[in-house]
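Undergrad: Pasting in a structure now, in structure tokens, and then I'll have a few things to ask.
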Amino acid sequence: NPGVLVNAEIALAQAHADMLIPRVAIQTIHNEPTVFVKVADGFEKRIVETGEGDDASVEIVKGLKPGDSIAVVNSFVLKAEAGKNEIPEE
């Protein structure tokens with residue numbers, strides 16, 4: 001319609017990413033991007049190297065391999081649990 005304002009984003013280039021994960025799956029632990037990978041007895045922390053991304057997802061350059069199952073929902077709970085094990089005892 002004439003006179004209507006529109007905000008638009010135009011992609012100028014697209015890059016191929018071998019592995020994209022939801023941004024919410026990444027937790028920062030000791031200033032390192034970390035994900036929680038499903039293992040036989042629960043989850044293990046794994047530091048990853050991230051690449052390009054947007055608000056919803058981010059490329060993983062290093063630290064995960066195809067087929068790894070990661071925590072996406074409530075990964076902050078796993079971060080809190082991991083932090084409990086790092087508190088030094090007096």
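Note on naming: chains are A, B, ... as they come in the structure tokens, residues start from 1 per chain, ligands start from 1 in the order shown.
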So which residues touch Val35 (chain A) within 10 Å, counting only C-alpha atoms, skipping near sequence neighbours fewer than 4 positions away, as a list of chain:residue names?

TA: A:Ile21, A:Val24, A:Ala25, A:Ile26, A:Gln27, A:Thr28, A:Ile29, A:Phe43, A:Glu44, A:Lys45, A:Arg46, A:Ile47, A:Val48, A:Gly63, A:Leu64, A:Ile70, A:Ala71, A:Val72, A:Ser75, A:Phe76, A:Leu78, A:Lys79

Undergrad: Excluding same-chain residues fewer than 4 positions from Ser69 (chain A), what lies within 10 Å of it counting only C-alpha atoms, as a VMD selection string?

TA: chain A and resid 36 to 39 43 64 to 65

Undergrad: Please produce an output containing C-alpha atoms for each residue in the selection, written as a CSV table (one decimal), in the first residue's frame.

TA:
```
chain,number,residue,atom,x,y,z
A,36,PHE,CA,26.6,-30.0,27.4
A,37,VAL,CA,26.9,-33.3,25.4
A,38,LYS,CA,24.8,-36.3,26.3
A,39,VAL,CA,27.0,-39.2,27.5
A,43,PHE,CA,26.0,-34.8,30.4
A,64,LEU,CA,31.4,-31.1,18.5
A,65,LYS,CA,31.1,-33.8,15.9
```

Undergrad: Between CA of Pro22 (chain A) and CA of Asp55 (chain A), measure the distance and give it in Å to one decimal.

TA: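 Distance between the two atoms: 9.0 Å.
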
Undergrad: Using DSSP on the backbone, list every residue of chain A that comes out as strand (DSSP E or B), and give them as a VMD selection string.

TA: chain A and resid 20 to 22 27 to 29 32 to 39 42 to 47 49 to 53 57 to 62 70

Undergrad: Quick one: DSSP helix (DSSP H, G or I) residues in chain A, as number ranges by chain?

TA: A: 23-25, 75-84

Undergrad: Mind checking which residues fall within 8 Å of Leu20 (chain A), counting only C-alpha atoms, ignoring those fewer than 6 positions away in the same chain, and posting them as a ChimeraX atom specification?

TA: /A:57-60

Undergrad: Write out as a PyMOL selection string each polymer residue whose atoms come within 9 Å of Val61 (chain A), counting only C-alpha atoms; drop sequence neighbours fewer than 4 positions from it.

TA: chain A and resi 17-19+48-51

Undergrad: Could those residues be written to a file, using all heavy atoms, as a short mmCIF file (atom, residue, chain, number, x, y, z; two decimals), in the first residue's frame?

TA:
```
data_model
loop_
_atom_site.label_atom_id
_atom_site.label_comp_id
_atom_site.auth_asym_id
_atom_site.auth_seq_id
_atom_site.Cartn_x
_atom_site.Cartn_y
_atom_site.Cartn_z
N ALA A 17 27.54 -23.53 6.62
CA ALA A 17 28.05 -23.97 7.92
C ALA A 17 27.85 -25.47 8.02
O ALA A 17 26.77 -25.99 7.74
CB ALA A 17 27.30 -23.26 9.05
N ASP A 18 28.90 -26.18 8.42
CA ASP A 18 28.80 -27.63 8.56
C ASP A 18 27.95 -28.03 9.76
O ASP A 18 27.28 -29.05 9.73
CB ASP A 18 30.20 -28.25 8.71
CG ASP A 18 30.98 -28.19 7.40
OD1 ASP A 18 30.35 -28.27 6.33
OD2 ASP A 18 32.20 -28.06 7.46
N MET A 19 27.99 -27.23 10.83
CA MET A 19 27.23 -27.57 12.03
C MET A 19 26.67 -26.30 12.66
O MET A 19 27.43 -25.41 13.04
CB MET A 19 28.12 -28.29 13.03
CG MET A 19 27.37 -28.79 14.24
SD MET A 19 28.38 -29.73 15.40
CE MET A 19 29.00 -31.03 14.39
N VAL A 48 33.52 -25.29 23.11
CA VAL A 48 33.40 -25.26 21.67
C VAL A 48 33.97 -23.96 21.13
O VAL A 48 34.11 -22.97 21.85
CB VAL A 48 31.93 -25.41 21.21
CG1 VAL A 48 31.39 -26.78 21.57
CG2 VAL A 48 31.05 -24.33 21.79
N GLU A 49 34.30 -23.98 19.86
CA GLU A 49 34.70 -22.77 19.16
C GLU A 49 33.55 -22.41 18.23
O GLU A 49 33.10 -23.25 17.43
CB GLU A 49 35.98 -23.00 18.36
CG GLU A 49 36.48 -21.77 17.65
CD GLU A 49 37.75 -22.03 16.87
OE1 GLU A 49 38.56 -22.88 17.30
OE2 GLU A 49 37.93 -21.39 15.82
N THR A 50 33.06 -21.19 18.36
CA THR A 50 31.92 -20.77 17.55
C THR A 50 32.38 -19.95 16.35
O THR A 50 33.45 -19.35 16.36
CB THR A 50 30.93 -19.94 18.39
OG1 THR A 50 31.60 -18.80 18.92
CG2 THR A 50 30.35 -20.77 19.52
N GLY A 51 31.54 -19.95 15.34
CA GLY A 51 31.79 -19.16 14.14
C GLY A 51 30.69 -18.13 13.97
O GLY A 51 30.23 -17.53 14.93
#
```
